[in-house]
file upload37.txt (compact mmCIF, N, CA and C atoms)
# COMPACT_ATOMS: atom_id res chain seq x y z
N MET A 1 -0.25 11.08 -9.37
CA MET A 1 -1.06 10.24 -8.51
C MET A 1 -0.27 9.01 -8.06
N GLU A 2 0.57 8.48 -8.96
CA GLU A 2 1.36 7.30 -8.59
C GLU A 2 2.33 7.60 -7.45
N ILE A 3 2.93 8.77 -7.50
CA ILE A 3 3.88 9.16 -6.45
C ILE A 3 3.14 9.45 -5.16
N ALA A 4 1.96 10.08 -5.27
CA ALA A 4 1.15 10.33 -4.07
C ALA A 4 0.78 9.02 -3.39
N ALA A 5 0.45 8.01 -4.19
CA ALA A 5 0.15 6.68 -3.63
C ALA A 5 1.36 6.11 -2.92
N LEU A 6 2.53 6.27 -3.53
CA LEU A 6 3.77 5.79 -2.90
C LEU A 6 4.01 6.49 -1.57
N VAL A 7 3.84 7.80 -1.55
CA VAL A 7 4.08 8.58 -0.33
C VAL A 7 3.10 8.15 0.77
N THR A 8 1.81 8.06 0.44
CA THR A 8 0.84 7.66 1.47
C THR A 8 1.09 6.22 1.92
N TRP A 9 1.49 5.36 1.01
CA TRP A 9 1.77 3.96 1.36
C TRP A 9 2.94 3.88 2.33
N VAL A 10 4.00 4.63 2.04
CA VAL A 10 5.18 4.61 2.91
C VAL A 10 4.85 5.18 4.30
N ILE A 11 4.12 6.29 4.34
CA ILE A 11 3.75 6.87 5.64
C ILE A 11 2.86 5.91 6.42
N THR A 12 1.93 5.28 5.72
CA THR A 12 1.05 4.29 6.36
C THR A 12 1.88 3.13 6.90
N ALA A 13 2.85 2.68 6.12
CA ALA A 13 3.71 1.58 6.56
C ALA A 13 4.51 1.96 7.79
N LEU A 14 4.98 3.19 7.83
CA LEU A 14 5.74 3.64 9.01
C LEU A 14 4.87 3.62 10.27
N GLY A 15 3.63 4.08 10.14
CA GLY A 15 2.70 4.02 11.28
C GLY A 15 2.42 2.59 11.69
N GLY A 16 2.24 1.72 10.71
CA GLY A 16 2.01 0.31 11.01
C GLY A 16 3.21 -0.33 11.67
N PHE A 17 4.39 0.00 11.18
CA PHE A 17 5.61 -0.55 11.77
C PHE A 17 5.76 -0.06 13.21
N TYR A 18 5.43 1.19 13.46
CA TYR A 18 5.49 1.74 14.82
C TYR A 18 4.57 0.95 15.76
N MET A 19 3.34 0.69 15.30
CA MET A 19 2.41 -0.06 16.14
C MET A 19 2.86 -1.51 16.30
N LEU A 20 3.38 -2.12 15.25
CA LEU A 20 3.88 -3.49 15.34
C LEU A 20 5.03 -3.58 16.34
N ALA A 21 5.96 -2.64 16.27
CA ALA A 21 7.09 -2.65 17.21
C ALA A 21 6.61 -2.50 18.65
N GLY A 22 5.65 -1.61 18.88
CA GLY A 22 5.10 -1.43 20.22
C GLY A 22 4.39 -2.67 20.71
N TRP A 23 3.63 -3.31 19.82
CA TRP A 23 2.90 -4.52 20.16
C TRP A 23 3.87 -5.64 20.53
N LEU A 24 4.92 -5.80 19.72
CA LEU A 24 5.92 -6.84 20.00
C LEU A 24 6.68 -6.55 21.28
N SER A 25 7.05 -5.29 21.51
CA SER A 25 7.83 -4.96 22.71
C SER A 25 7.02 -5.14 23.99
N ARG A 26 5.72 -5.11 23.89
CA ARG A 26 4.86 -5.31 25.06
C ARG A 26 4.38 -6.76 25.16
N GLY A 27 4.99 -7.64 24.36
CA GLY A 27 4.70 -9.06 24.48
C GLY A 27 3.43 -9.52 23.78
N GLY A 28 2.96 -8.75 22.82
CA GLY A 28 1.72 -9.10 22.13
C GLY A 28 1.75 -10.43 21.41
N ALA A 29 2.92 -10.84 20.94
CA ALA A 29 3.02 -12.09 20.19
C ALA A 29 3.16 -13.33 21.07
N LYS A 30 3.37 -13.12 22.37
CA LYS A 30 3.55 -14.25 23.28
C LYS A 30 2.21 -14.89 23.61
N GLN A 31 2.20 -16.21 23.66
CA GLN A 31 0.98 -16.91 24.06
C GLN A 31 0.64 -16.55 25.49
N GLY A 32 -0.62 -16.36 25.74
CA GLY A 32 -1.07 -16.02 27.08
C GLY A 32 -0.91 -14.55 27.41
N SER A 33 -0.57 -13.74 26.40
CA SER A 33 -0.37 -12.31 26.67
C SER A 33 -1.69 -11.56 26.82
N GLY A 34 -2.77 -12.19 26.42
CA GLY A 34 -4.08 -11.54 26.49
C GLY A 34 -4.38 -10.68 25.28
N SER A 35 -3.52 -10.71 24.28
CA SER A 35 -3.75 -9.92 23.08
C SER A 35 -4.96 -10.44 22.33
N ARG A 36 -5.76 -9.52 21.85
CA ARG A 36 -6.92 -9.87 21.04
C ARG A 36 -6.57 -9.94 19.56
N LEU A 37 -5.31 -9.64 19.22
CA LEU A 37 -4.88 -9.64 17.83
C LEU A 37 -4.09 -10.91 17.54
N PRO A 38 -4.65 -11.81 16.73
CA PRO A 38 -3.94 -13.06 16.42
C PRO A 38 -2.64 -12.79 15.65
N VAL A 39 -1.61 -13.49 16.03
CA VAL A 39 -0.29 -13.33 15.40
C VAL A 39 -0.37 -13.51 13.88
N PRO A 40 -1.06 -14.55 13.35
CA PRO A 40 -1.11 -14.69 11.89
C PRO A 40 -1.78 -13.50 11.19
N VAL A 41 -2.76 -12.90 11.84
CA VAL A 41 -3.44 -11.74 11.25
C VAL A 41 -2.48 -10.55 11.21
N ILE A 42 -1.79 -10.31 12.31
CA ILE A 42 -0.84 -9.20 12.38
C ILE A 42 0.24 -9.35 11.31
N PHE A 43 0.89 -10.51 11.29
CA PHE A 43 2.00 -10.69 10.36
C PHE A 43 1.53 -10.87 8.93
N GLY A 44 0.33 -11.41 8.73
CA GLY A 44 -0.23 -11.49 7.38
C GLY A 44 -0.49 -10.11 6.82
N HIS A 45 -1.07 -9.24 7.64
CA HIS A 45 -1.33 -7.86 7.24
C HIS A 45 -0.01 -7.16 6.88
N PHE A 46 0.95 -7.31 7.75
CA PHE A 46 2.26 -6.69 7.54
C PHE A 46 2.93 -7.21 6.26
N ALA A 47 2.96 -8.52 6.11
CA ALA A 47 3.65 -9.13 4.96
C ALA A 47 2.99 -8.76 3.63
N LEU A 48 1.65 -8.84 3.58
CA LEU A 48 0.96 -8.51 2.34
C LEU A 48 1.14 -7.03 1.98
N ALA A 49 1.09 -6.17 3.00
CA ALA A 49 1.29 -4.74 2.74
C ALA A 49 2.70 -4.46 2.24
N ALA A 50 3.69 -5.14 2.82
CA ALA A 50 5.08 -4.95 2.39
C ALA A 50 5.29 -5.46 0.97
N VAL A 51 4.74 -6.63 0.67
CA VAL A 51 4.85 -7.17 -0.69
C VAL A 51 4.16 -6.24 -1.69
N GLY A 52 2.98 -5.75 -1.30
CA GLY A 52 2.27 -4.82 -2.17
C GLY A 52 3.06 -3.56 -2.44
N LEU A 53 3.74 -3.05 -1.42
CA LEU A 53 4.56 -1.85 -1.59
C LEU A 53 5.72 -2.13 -2.56
N VAL A 54 6.33 -3.28 -2.44
CA VAL A 54 7.41 -3.65 -3.37
C VAL A 54 6.87 -3.75 -4.79
N VAL A 55 5.70 -4.34 -4.94
CA VAL A 55 5.07 -4.44 -6.27
C VAL A 55 4.77 -3.05 -6.81
N TRP A 56 4.29 -2.15 -5.93
CA TRP A 56 3.99 -0.78 -6.37
C TRP A 56 5.26 -0.07 -6.83
N ILE A 57 6.35 -0.25 -6.12
CA ILE A 57 7.62 0.35 -6.52
C ILE A 57 8.06 -0.23 -7.87
N ALA A 58 7.87 -1.53 -8.04
CA ALA A 58 8.20 -2.15 -9.33
C ALA A 58 7.34 -1.57 -10.44
N TYR A 59 6.07 -1.31 -10.13
CA TYR A 59 5.19 -0.66 -11.12
C TYR A 59 5.73 0.71 -11.50
N LEU A 60 6.14 1.49 -10.49
CA LEU A 60 6.66 2.82 -10.77
C LEU A 60 7.90 2.78 -11.65
N ILE A 61 8.72 1.75 -11.46
CA ILE A 61 9.95 1.62 -12.25
C ILE A 61 9.66 1.16 -13.67
N THR A 62 8.74 0.19 -13.80
CA THR A 62 8.50 -0.45 -15.11
C THR A 62 7.31 0.11 -15.87
N ASP A 63 6.40 0.78 -15.18
CA ASP A 63 5.15 1.27 -15.77
C ASP A 63 4.30 0.13 -16.34
N SER A 64 4.41 -1.02 -15.73
CA SER A 64 3.61 -2.18 -16.13
C SER A 64 2.26 -2.12 -15.41
N HIS A 65 1.20 -1.94 -16.17
CA HIS A 65 -0.12 -1.79 -15.55
C HIS A 65 -0.58 -3.08 -14.86
N ALA A 66 -0.03 -4.20 -15.28
CA ALA A 66 -0.33 -5.45 -14.58
C ALA A 66 0.16 -5.39 -13.14
N LEU A 67 1.28 -4.74 -12.92
CA LEU A 67 1.80 -4.59 -11.56
C LEU A 67 0.93 -3.65 -10.73
N ALA A 68 0.38 -2.62 -11.35
CA ALA A 68 -0.53 -1.72 -10.63
C ALA A 68 -1.76 -2.50 -10.16
N TRP A 69 -2.31 -3.32 -11.03
CA TRP A 69 -3.48 -4.13 -10.65
C TRP A 69 -3.11 -5.18 -9.61
N THR A 70 -1.91 -5.73 -9.72
CA THR A 70 -1.45 -6.70 -8.72
C THR A 70 -1.34 -6.05 -7.35
N ALA A 71 -0.79 -4.85 -7.31
CA ALA A 71 -0.69 -4.13 -6.03
C ALA A 71 -2.07 -3.88 -5.46
N LEU A 72 -3.00 -3.50 -6.31
CA LEU A 72 -4.37 -3.26 -5.84
C LEU A 72 -5.00 -4.55 -5.30
N ILE A 73 -4.80 -5.64 -6.00
CA ILE A 73 -5.34 -6.93 -5.55
C ILE A 73 -4.73 -7.32 -4.20
N LEU A 74 -3.46 -7.04 -4.02
CA LEU A 74 -2.81 -7.33 -2.73
C LEU A 74 -3.39 -6.46 -1.61
N LEU A 75 -3.84 -5.26 -1.95
CA LEU A 75 -4.39 -4.37 -0.93
C LEU A 75 -5.75 -4.83 -0.41
N VAL A 76 -6.45 -5.65 -1.17
CA VAL A 76 -7.78 -6.11 -0.72
C VAL A 76 -7.68 -6.93 0.57
N PRO A 77 -6.86 -8.00 0.62
CA PRO A 77 -6.75 -8.71 1.89
C PRO A 77 -6.06 -7.88 2.98
N VAL A 78 -5.16 -6.96 2.58
CA VAL A 78 -4.54 -6.09 3.57
C VAL A 78 -5.61 -5.27 4.27
N ALA A 79 -6.52 -4.70 3.48
CA ALA A 79 -7.61 -3.90 4.05
C ALA A 79 -8.54 -4.75 4.90
N ALA A 80 -8.86 -5.95 4.42
CA ALA A 80 -9.75 -6.83 5.19
C ALA A 80 -9.13 -7.19 6.54
N LEU A 81 -7.85 -7.52 6.54
CA LEU A 81 -7.16 -7.84 7.80
C LEU A 81 -7.08 -6.60 8.69
N GLY A 82 -6.87 -5.43 8.07
CA GLY A 82 -6.83 -4.20 8.84
C GLY A 82 -8.15 -3.91 9.53
N PHE A 83 -9.27 -4.09 8.82
CA PHE A 83 -10.58 -3.87 9.44
C PHE A 83 -10.84 -4.89 10.54
N ALA A 84 -10.40 -6.12 10.34
CA ALA A 84 -10.56 -7.15 11.38
C ALA A 84 -9.77 -6.77 12.63
N MET A 85 -8.56 -6.28 12.44
CA MET A 85 -7.75 -5.88 13.60
C MET A 85 -8.37 -4.66 14.29
N LEU A 86 -8.90 -3.73 13.52
CA LEU A 86 -9.55 -2.56 14.11
C LEU A 86 -10.73 -2.98 14.97
N ALA A 87 -11.53 -3.91 14.45
CA ALA A 87 -12.69 -4.39 15.21
C ALA A 87 -12.28 -5.08 16.50
N ARG A 88 -11.16 -5.77 16.49
CA ARG A 88 -10.68 -6.45 17.70
C ARG A 88 -9.93 -5.49 18.63
N TRP A 89 -9.39 -4.39 18.08
CA TRP A 89 -8.65 -3.41 18.88
C TRP A 89 -9.59 -2.50 19.66
N LEU A 90 -10.70 -2.11 19.06
CA LEU A 90 -11.59 -1.13 19.69
C LEU A 90 -11.98 -1.50 21.12
N PRO A 91 -12.37 -2.74 21.43
CA PRO A 91 -12.71 -3.06 22.82
C PRO A 91 -11.53 -2.94 23.79
N THR A 92 -10.30 -3.05 23.30
CA THR A 92 -9.15 -2.95 24.20
C THR A 92 -8.98 -1.54 24.73
N ARG A 93 -9.49 -0.56 24.03
CA ARG A 93 -9.40 0.82 24.53
C ARG A 93 -10.21 0.95 25.82
N ARG A 94 -11.36 0.27 25.88
CA ARG A 94 -12.19 0.30 27.08
C ARG A 94 -11.54 -0.50 28.21
N VAL A 95 -10.90 -1.62 27.86
CA VAL A 95 -10.23 -2.46 28.86
C VAL A 95 -9.11 -1.67 29.53
N ARG A 96 -8.33 -0.96 28.74
CA ARG A 96 -7.20 -0.20 29.27
C ARG A 96 -7.67 0.84 30.28
N ALA A 97 -8.82 1.45 29.99
CA ALA A 97 -9.33 2.50 30.87
C ALA A 97 -9.76 1.95 32.23
N THR A 98 -10.07 0.65 32.30
CA THR A 98 -10.55 0.07 33.55
C THR A 98 -9.47 -0.65 34.34
N VAL A 99 -8.27 -0.79 33.78
CA VAL A 99 -7.17 -1.49 34.46
C VAL A 99 -6.47 -0.50 35.40
N PRO A 100 -6.37 -0.84 36.68
CA PRO A 100 -5.68 0.05 37.62
C PRO A 100 -4.22 0.27 37.23
N ALA A 101 -3.70 1.43 37.55
CA ALA A 101 -2.31 1.76 37.23
C ALA A 101 -1.38 0.74 37.89
N GLY A 102 -0.36 0.33 37.17
CA GLY A 102 0.62 -0.61 37.70
C GLY A 102 0.29 -2.07 37.38
N GLN A 103 -0.97 -2.35 37.03
CA GLN A 103 -1.35 -3.72 36.67
C GLN A 103 -1.12 -3.90 35.18
N GLN A 104 -0.73 -5.10 34.76
CA GLN A 104 -0.43 -5.33 33.36
C GLN A 104 -1.38 -6.32 32.72
N SER A 105 -2.66 -6.26 33.05
CA SER A 105 -3.60 -7.21 32.46
C SER A 105 -4.21 -6.70 31.17
N ALA A 106 -3.92 -5.46 30.78
CA ALA A 106 -4.42 -4.92 29.52
C ALA A 106 -3.61 -5.52 28.37
N PRO A 107 -4.26 -5.82 27.25
CA PRO A 107 -3.53 -6.36 26.10
C PRO A 107 -2.50 -5.36 25.56
N ALA A 108 -1.48 -5.88 24.90
CA ALA A 108 -0.40 -5.02 24.38
C ALA A 108 -0.94 -3.96 23.43
N GLU A 109 -1.94 -4.30 22.66
CA GLU A 109 -2.47 -3.35 21.68
C GLU A 109 -3.29 -2.23 22.30
N SER A 110 -3.60 -2.34 23.58
CA SER A 110 -4.35 -1.26 24.23
C SER A 110 -3.50 0.00 24.37
N ASN A 111 -2.20 -0.13 24.16
CA ASN A 111 -1.30 1.02 24.26
C ASN A 111 -1.08 1.73 22.93
N PHE A 112 -1.72 1.27 21.86
CA PHE A 112 -1.58 1.96 20.58
C PHE A 112 -2.12 3.38 20.73
N PRO A 113 -1.35 4.38 20.32
CA PRO A 113 -1.86 5.75 20.38
C PRO A 113 -3.01 5.93 19.38
N VAL A 114 -4.12 6.42 19.85
CA VAL A 114 -5.30 6.59 19.00
C VAL A 114 -4.99 7.42 17.75
N PRO A 115 -4.25 8.54 17.86
CA PRO A 115 -3.95 9.29 16.63
C PRO A 115 -3.17 8.48 15.59
N VAL A 116 -2.30 7.59 16.04
CA VAL A 116 -1.55 6.76 15.10
C VAL A 116 -2.49 5.76 14.42
N VAL A 117 -3.39 5.16 15.19
CA VAL A 117 -4.35 4.21 14.62
C VAL A 117 -5.23 4.91 13.59
N VAL A 118 -5.73 6.08 13.95
CA VAL A 118 -6.61 6.82 13.05
C VAL A 118 -5.85 7.24 11.78
N ALA A 119 -4.66 7.80 11.94
CA ALA A 119 -3.87 8.22 10.78
C ALA A 119 -3.53 7.03 9.89
N HIS A 120 -3.19 5.91 10.50
CA HIS A 120 -2.86 4.69 9.74
C HIS A 120 -4.07 4.27 8.90
N GLY A 121 -5.23 4.26 9.51
CA GLY A 121 -6.43 3.86 8.79
C GLY A 121 -6.82 4.82 7.69
N VAL A 122 -6.78 6.11 7.99
CA VAL A 122 -7.16 7.12 6.98
C VAL A 122 -6.18 7.09 5.81
N LEU A 123 -4.89 7.04 6.10
CA LEU A 123 -3.89 6.99 5.03
C LEU A 123 -3.98 5.69 4.23
N ALA A 124 -4.35 4.61 4.89
CA ALA A 124 -4.53 3.34 4.17
C ALA A 124 -5.67 3.46 3.17
N VAL A 125 -6.77 4.07 3.58
CA VAL A 125 -7.90 4.25 2.66
C VAL A 125 -7.49 5.15 1.50
N VAL A 126 -6.79 6.23 1.80
CA VAL A 126 -6.31 7.13 0.74
C VAL A 126 -5.40 6.38 -0.23
N THR A 127 -4.53 5.54 0.31
CA THR A 127 -3.62 4.75 -0.53
C THR A 127 -4.40 3.83 -1.46
N VAL A 128 -5.38 3.13 -0.93
CA VAL A 128 -6.19 2.21 -1.75
C VAL A 128 -6.88 2.99 -2.87
N VAL A 129 -7.45 4.13 -2.55
CA VAL A 129 -8.15 4.93 -3.55
C VAL A 129 -7.17 5.41 -4.63
N LEU A 130 -6.00 5.89 -4.22
CA LEU A 130 -5.01 6.35 -5.20
C LEU A 130 -4.52 5.21 -6.09
N VAL A 131 -4.28 4.05 -5.50
CA VAL A 131 -3.85 2.89 -6.30
C VAL A 131 -4.96 2.48 -7.26
N LEU A 132 -6.20 2.47 -6.79
CA LEU A 132 -7.34 2.12 -7.65
C LEU A 132 -7.44 3.10 -8.82
N LEU A 133 -7.40 4.38 -8.53
CA LEU A 133 -7.51 5.39 -9.59
C LEU A 133 -6.37 5.28 -10.58
N THR A 134 -5.17 4.99 -10.09
CA THR A 134 -4.01 4.83 -10.98
C THR A 134 -4.19 3.60 -11.86
N ALA A 135 -4.64 2.50 -11.27
CA ALA A 135 -4.84 1.27 -12.06
C ALA A 135 -5.92 1.47 -13.12
N ILE A 136 -6.99 2.15 -12.75
CA ILE A 136 -8.07 2.39 -13.72
C ILE A 136 -7.61 3.30 -14.85
N ALA A 137 -6.84 4.33 -14.50
CA ALA A 137 -6.37 5.29 -15.50
C ALA A 137 -5.36 4.69 -16.47
N GLY A 138 -4.71 3.60 -16.04
CA GLY A 138 -3.63 3.01 -16.83
C GLY A 138 -4.10 2.43 -18.09

call {"tool": "encode", "arguments": {"input": "upload37.txt", "output": "structure tokens"}}
result
Amino acid sequence: MEIAALVTWVITALGGFYMLAGWLSRGGAKQGSGSRLPVPVIFGHFALAAVGLVVWIAYLITDSHALAWTALILLVPVAALGFAMLARWLPTRRVRATVPAGQQSAPAESNFPVPVVVAHGVLAVVTVVLVLLTAIAG
């Protein structure tokens, strides 16, 4: 279960990194870009998830159950920020559909591929459940 959590966490991180790179390349972090995703929320989510992954890897190396619980505790704000971003992203899908081709008034996050967003969210939930079950079993 610990390795399954690591695998889902890494795949989730790759999807998140893909979306972050796309958001940055489309100017999402620039003021006045029209992005509905606040920069501190984006980078807070990213940083906490990355720190949590490092803690999880440390848990796998040391088998310290305190580290498993620490990783789980770090996932709580990661999940909260993720749900907040999802709630702010959903309306951008409708905005993108109404913007004429060639115009760039749609927010950068409106270009996130829906399958990537869905996979990221589903794998994130699976990761949290696996980490929780591992921490409880410890």

call {"tool": "residues_near_point", "arguments": {"input": "upload37.txt", "point": "(-4.2, 2.8, -6.6)", "cutoff": "8 Å", "atoms": "only N, CA and C atoms", "output": "mmCIF file with N, CA and C atoms, keeping the file's coordinate frame"}}
result
data_model
loop_
_atom_site.group_PDB
_atom_site.id
_atom_site.type_symbol
_atom_site.label_atom_id
_atom_site.label_comp_id
_atom_site.auth_asym_id
_atom_site.auth_seq_id
_atom_site.Cartn_x
_atom_site.Cartn_y
_atom_site.Cartn_z
ATOM 1 N N MET A 1 -0.250 11.080 -9.370
ATOM 2 C CA MET A 1 -1.060 10.240 -8.510
ATOM 3 C C MET A 1 -0.270 9.010 -8.060
ATOM 4 N N GLU A 2 0.570 8.480 -8.960
ATOM 5 C CA GLU A 2 1.360 7.300 -8.590
ATOM 6 C C GLU A 2 2.330 7.600 -7.450
ATOM 7 N N ALA A 5 0.450 8.010 -4.190
ATOM 8 C CA ALA A 5 0.150 6.680 -3.630
ATOM 9 C C ALA A 5 1.360 6.110 -2.920
ATOM 10 N N ALA A 68 0.380 -2.620 -11.350
ATOM 11 C CA ALA A 68 -0.530 -1.720 -10.630
ATOM 12 C C ALA A 68 -1.760 -2.500 -10.160
ATOM 13 N N TRP A 69 -2.310 -3.320 -11.030
ATOM 14 C CA TRP A 69 -3.480 -4.130 -10.650
ATOM 15 C C TRP A 69 -3.110 -5.180 -9.610
ATOM 16 N N ALA A 71 -0.790 -4.850 -7.310
ATOM 17 C CA ALA A 71 -0.690 -4.130 -6.030
ATOM 18 C C ALA A 71 -2.070 -3.880 -5.460
ATOM 19 N N LEU A 72 -3.000 -3.500 -6.310
ATOM 20 C CA LEU A 72 -4.370 -3.260 -5.840
ATOM 21 C C LEU A 72 -5.000 -4.550 -5.300
ATOM 22 N N VAL A 126 -6.790 6.230 1.800
ATOM 23 C CA VAL A 126 -6.310 7.130 0.740
ATOM 24 C C VAL A 126 -5.400 6.380 -0.230
ATOM 25 N N THR A 127 -4.530 5.540 0.310
ATOM 26 C CA THR A 127 -3.620 4.750 -0.530
ATOM 27 C C THR A 127 -4.400 3.830 -1.460
ATOM 28 N N VAL A 128 -5.380 3.130 -0.930
ATOM 29 C CA VAL A 128 -6.190 2.210 -1.750
ATOM 30 C C VAL A 128 -6.880 2.990 -2.870
ATOM 31 N N VAL A 129 -7.450 4.130 -2.550
ATOM 32 C CA VAL A 129 -8.150 4.930 -3.550
ATOM 33 C C VAL A 129 -7.170 5.410 -4.630
ATOM 34 N N LEU A 130 -6.000 5.890 -4.220
ATOM 35 C CA LEU A 130 -5.010 6.350 -5.200
ATOM 36 C C LEU A 130 -4.520 5.210 -6.090
ATOM 37 N N VAL A 131 -4.280 4.050 -5.500
ATOM 38 C CA VAL A 131 -3.850 2.890 -6.300
ATOM 39 C C VAL A 131 -4.960 2.480 -7.260
ATOM 40 N N LEU A 132 -6.200 2.470 -6.790
ATOM 41 C CA LEU A 132 -7.340 2.120 -7.650
ATOM 42 C C LEU A 132 -7.440 3.100 -8.820
ATOM 43 N N LEU A 133 -7.400 4.380 -8.530
ATOM 44 C CA LEU A 133 -7.510 5.390 -9.590
ATOM 45 C C LEU A 133 -6.370 5.280 -10.580
ATOM 46 N N THR A 134 -5.170 4.990 -10.090
ATOM 47 C CA THR A 134 -4.010 4.830 -10.980
ATOM 48 C C THR A 134 -4.190 3.600 -11.860
ATOM 49 N N ALA A 135 -4.640 2.500 -11.270
ATOM 50 C CA ALA A 135 -4.840 1.270 -12.060
ATOM 51 C C ALA A 135 -5.920 1.470 -13.120
ATOM 52 N N ILE A 136 -6.990 2.150 -12.750
ATOM 53 C CA ILE A 136 -8.070 2.390 -13.720
ATOM 54 C C ILE A 136 -7.610 3.300 -14.850
#

call {"tool": "closest_residue", "arguments": {"input": "upload37.txt", "among": "A:Gly27, A:Trp9, A:Val122, A:Ser35", "to": "Arg88 (chain A)", "atoms": "all atoms listed in the file"}}
result
A:Ser35

call {"tool": "atom_distance", "arguments": {"input": "upload37.txt", "atom1": "atom C of Leu6 (chain A)", "atom2": "CA of Leu48 (chain A)"}}
result
15.8 Å

call {"tool": "atom_distance", "arguments": {"input": "upload37.txt", "atom1": "CA of Ile11 (chain A)", "atom2": "atom C of Met85 (chain A)"}}
result
18.8 Å

call {"tool": "closest_atom_pairs", "arguments": {"input": "upload37.txt", "of": "region 69-137 of chain A", "to": "region 52-57 of chain A", "cutoff": "6.5 Å", "atoms": "all atoms listed in the file", "output": "Markdown table"}}
result
| residue | atom | partner | partner_atom | distance |
| --- | --- | --- | --- | --- |
| A:Thr70 | C | A:Gly52 | CA | 6.4 |
| A:Ala71 | CA | A:Gly52 | CA | 4.9 |
| A:Leu74 | CA | A:Gly52 | CA | 5.7 |
| A:Leu75 | N | A:Gly52 | CA | 6.1 |

call {"tool": "atom_distance", "arguments": {"input": "upload37.txt", "atom1": "CA of Gly44 (chain A)", "atom2": "CA of Pro107 (chain A)"}}
result
19.7 Å

call {"tool": "select_by_dssp", "arguments": {"input": "upload37.txt", "residues": "chain A", "states": "alpha helix (DSSP H)", "output": "JSON, numbers by chain"}}
result
{"A": [2, 3, 4, 5, 6, 7, 8, 9, 10, 11, 12, 13, 14, 15, 16, 17, 18, 19, 20, 21, 22, 23, 24, 25, 39, 40, 41, 42, 43, 44, 45, 46, 47, 48, 49, 50, 51, 52, 53, 54, 55, 56, 57, 58, 59, 60, 61, 62, 65, 66, 67, 68, 69, 70, 71, 72, 73, 74, 75, 76, 77, 78, 79, 80, 81, 82, 83, 84, 85, 86, 87, 88, 89, 90, 91, 92, 93, 94, 95, 96, 97, 98, 114, 115, 116, 117, 118, 119, 120, 121, 122, 123, 124, 125, 126, 127, 128, 129, 130, 131, 132, 133, 134, 135, 136, 137]}

call {"tool": "closest_residue", "arguments": {"input": "upload37.txt", "among": "A:Leu81, A:Leu14, A:Thr92, A:Pro113", "to": "Pro40 (chain A)", "atoms": "only C-alpha atoms"}}
result
A:Leu81

call {"tool": "closest_residue", "arguments": {"input": "upload37.txt", "among": "A:Gly22, A:Trp89, A:Gly15, A:Leu60", "to": "Ile3 (chain A)", "atoms": "all atoms listed in the file"}}
result
A:Leu60

call {"tool": "residues_near_point", "arguments": {"input": "upload37.txt", "point": "(-1.2, -4.3, 25.1)", "cutoff": "8 Å", "atoms": "only N, CA and C atoms", "output": "list in words"}}
result
Gly22, Trp23, Arg26, Gly27, Gly28, Ser33, Gly34, Ser35, Arg36, Gln104, Ser105, Ala106, Pro107, Ala108, Glu109, Ser110, Asn111 and Phe112 of chain A

call {"tool": "write_last_selection", "arguments": {"input": "upload37.txt", "atoms": "N, CA and C atoms", "output": "short mmCIF file (atom, residue, chain, number, x, y, z; two decimals), in the coordinates of the input"}}
result
data_model
loop_
_atom_site.label_atom_id
_atom_site.label_comp_id
_atom_site.auth_asym_id
_atom_site.auth_seq_id
_atom_site.Cartn_x
_atom_site.Cartn_y
_atom_site.Cartn_z
N GLY A 22 5.65 -1.61 18.88
CA GLY A 22 5.10 -1.43 20.22
C GLY A 22 4.39 -2.67 20.71
N TRP A 23 3.63 -3.31 19.82
CA TRP A 23 2.90 -4.52 20.16
C TRP A 23 3.87 -5.64 20.53
N ARG A 26 5.72 -5.11 23.89
CA ARG A 26 4.86 -5.31 25.06
C ARG A 26 4.38 -6.76 25.16
N GLY A 27 4.99 -7.64 24.36
CA GLY A 27 4.70 -9.06 24.48
C GLY A 27 3.43 -9.52 23.78
N GLY A 28 2.96 -8.75 22.82
CA GLY A 28 1.72 -9.10 22.13
C GLY A 28 1.75 -10.43 21.41
N SER A 33 -0.57 -13.74 26.40
CA SER A 33 -0.37 -12.31 26.67
C SER A 33 -1.69 -11.56 26.82
N GLY A 34 -2.77 -12.19 26.42
CA GLY A 34 -4.08 -11.54 26.49
C GLY A 34 -4.38 -10.68 25.28
N SER A 35 -3.52 -10.71 24.28
CA SER A 35 -3.75 -9.92 23.08
C SER A 35 -4.96 -10.44 22.33
N ARG A 36 -5.76 -9.52 21.85
CA ARG A 36 -6.92 -9.87 21.04
C ARG A 36 -6.57 -9.94 19.56
N GLN A 104 -0.73 -5.10 34.76
CA GLN A 104 -0.43 -5.33 33.36
C GLN A 104 -1.38 -6.32 32.72
N SER A 105 -2.66 -6.26 33.05
CA SER A 105 -3.60 -7.21 32.46
C SER A 105 -4.21 -6.70 31.17
N ALA A 106 -3.92 -5.46 30.78
CA ALA A 106 -4.42 -4.92 29.52
C ALA A 106 -3.61 -5.52 28.37
N PRO A 107 -4.26 -5.82 27.25
CA PRO A 107 -3.53 -6.36 26.10
C PRO A 107 -2.50 -5.36 25.56
N ALA A 108 -1.48 -5.88 24.90
CA ALA A 108 -0.40 -5.02 24.38
C ALA A 108 -0.94 -3.96 23.43
N GLU A 109 -1.94 -4.30 22.66
CA GLU A 109 -2.47 -3.35 21.68
C GLU A 109 -3.29 -2.23 22.30
N SER A 110 -3.60 -2.34 23.58
CA SER A 110 -4.35 -1.26 24.23
C SER A 110 -3.50 0.00 24.37
N ASN A 111 -2.20 -0.13 24.16
CA ASN A 111 -1.30 1.02 24.26
C ASN A 111 -1.08 1.73 22.93
N PHE A 112 -1.72 1.27 21.86
CA PHE A 112 -1.58 1.96 20.58
C PHE A 112 -2.12 3.38 20.73
#
